[in-house]
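Colleague: Let me begin by handing over the structure; questions about it come next.
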Amino acid sequence: MAQPGVLTPQNEDFPRWYQDVVAKAEMADNGPVRGTMVIRPYGYAIWEHIQSEIDRRIKAAGAENAYFPLFIPESYLSREAEHVEGFSPELAVVTHAGGEKLSEPVVVRPTSETVIGEFMAKWIQSHRDLPLLLNQWANVVRWELRPRMFLRTSEFLWQEGHTAHASFEDAATYARKIHHEVYNDFIQNVLGVQVYLGIKSKSERFAGATNTMTCEGLMRDGKALQMATSHELGQNFAKAFDIKFQDESGTAAYCYTTSWGASTRLIGGLIMSHGDDNGLVVPPRLAPIQAVVLAVRDEESVNNAAEEISRQLLGAGIRVRTDHGRGSFGRRVTDWEIKGVPVRVEVGPRDLAEGLVTLARRDTGEKIQVRLAEAPARITTLLEEIQQSILESSRSALASRTVDVSSIAEAAEAANEGFARLGWDLVKGEGEATLRTQAITVRCLQRADGSMPDNEDEAGLVAIVAKSY
């Protein structure tokens, strides 16, 4: 267990607990410009694993990686009026460069629909060029008024996918494929978070979209976090940027486009959905270090044994780190607990004399003694058990903190502890506006059976509402 006083308890001050974890797990530090962050090696290692897992899924869905400029001519954004209006307060604009005033200001990209649309128009001529499936890993800038590391920063890292299709049906099908087979699959099976999948209400859609799909996760303080979104853009951007193709009969038609993205906000979701008063809890499939081997004492025989165990674990395909017995054992245990490493392997002289090592689970704190020879196989099994246990805990929390209600007043009360679910007919219009005055928003709309609707005008939809980050 972590030493008392290292982290602020969650139930005492959740935002302070979050800041403590970010700092003491060595995840990130504040950058020199307000709202920016420096991602430290441990935080970046987690991001690299997120990148790897999502990128593999994106490529399996048929998209290819490309890269587009950081700077976008201001005129590009103004060509899609709803888009620029939605982002206007967050834009960072460059007016001078090279010692001179620019003939046209350039915007530091808040997202890349406009610049990618310009090049889609250049690259697409025929139905044979479709679908065009692009993705880029990049940084974007949105000038946040209330920044919080990983959750809302003025500059953040993400992937943004952009696609063009010959028909509405093909575009909608592909956007849903990304949402289910990339985002939901990653968030559930790697990040270990159970989410609600649904569509945004019209007032909550991405600027310029005709439909926005979302993954909404529950954080341990009862607030929601939007963890990934996929957007159907209709022909809005195609008409603004003249993205046309000739069909098989030779008739010119506008493309239908989509965009979709997930960012370093996922790290914030990781911290707040699984973390406890001892720090991070990192699911094994995501963890850059799956097991840490701790020498209890700084003795040659113990250190040598720790090194040998680490070699065996590495040979078994486990991502491992060795911690030699230098410094206080209790303090070193606390440091690794804060970092959320799934399994701790404690190697002490008395256990070694009996041919044993002690395994400690980060998620439950349970300790298990195993024979030295059995350690690699037992840890391999244990990592999968921990992965499943973390997901089951997330599922249980989401279910227990979602309350079915029948009025706006009941929804507002339930949203102080988690999610409220009620009929969309009770919420849309005046009800949504009333909830917003209490910092409660419609996180998503679902069918009664929990499936994803096509649009918010379907009969019998339910709204899931909550306070959010």
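Labeling convention for the structure tokens: chains A, B, ... as they appear, residues from 1 per chain, ligands from 1 in order of appearance.
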Name the residues in contact with range 17-26 of chain A at a cut-off of 6 Å, using only C-alpha atoms, excluding same-chain residues fewer than 4 positions from it; report them as a count of residues only.
Modeller: 6
Colleague: Quick one: residues within 10 Å of Pro69 in chain A, only C-alpha atoms, excluding same-chain residues fewer than 4 positions away - as a list in words?
Modeller: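 Near Pro69 in chain A, the qualifying residues are Val108, Arg109, Ser112, Val115, Ile116 and Ala138 of chain A.
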Colleague: With N, CA and C atoms retained, could you export that selection as a compact mmCIF listing (two decimals), in the first residue's frame?
Modeller:
```txt
# COMPACT_ATOMS: atom_id res chain seq x y z
N VAL A 108 -3.40 27.78 -36.81
CA VAL A 108 -2.76 26.56 -36.33
C VAL A 108 -3.88 25.53 -36.17
N ARG A 109 -3.75 24.39 -36.85
CA ARG A 109 -4.88 23.48 -37.01
C ARG A 109 -5.55 23.11 -35.67
N SER A 112 -8.34 18.95 -39.01
CA SER A 112 -7.83 19.10 -40.38
C SER A 112 -8.84 18.85 -41.50
N VAL A 115 -8.15 21.44 -44.57
CA VAL A 115 -6.96 21.27 -45.41
C VAL A 115 -6.98 19.92 -46.11
N ILE A 116 -7.49 18.89 -45.44
CA ILE A 116 -7.57 17.58 -46.09
C ILE A 116 -8.63 17.61 -47.18
N ALA A 138 -0.95 13.44 -35.30
CA ALA A 138 -0.48 14.82 -35.33
C ALA A 138 -0.75 15.50 -33.99
```
Colleague: Counting only C-alpha atoms, figure out which residue out of A:Met27, A:Ala433, A:Ala253, A:Val341 gets nearest to Gln125 in chain A.
Modeller: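 For Gln125 in chain A, the nearest of the given residues is A:Ala253.
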Colleague: Report the residues of range 384-421 of chain A whose backbone DSSP state falls under helix (DSSP H, G or I), written as a list in words.
Modeller: Glu384, Glu385, Ile386, Gln387, Gln388, Ser389, Ile390, Leu391, Glu392, Ser393, Ser394, Arg395, Ser396, Ala397, Leu398, Ala399, Ser400, Ile408, Ala409, Glu410, Ala411, Ala412, Glu413 and Ala414 of chain A
Colleague: Just checking: using only C-alpha atoms, which residue out of A:His83, A:Arg326, A:Arg152, A:Arg319 ends up closest to Thr210 in chain A?
Modeller: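 Checking each candidate against Thr210 in chain A, we get A:His83 as the closest.
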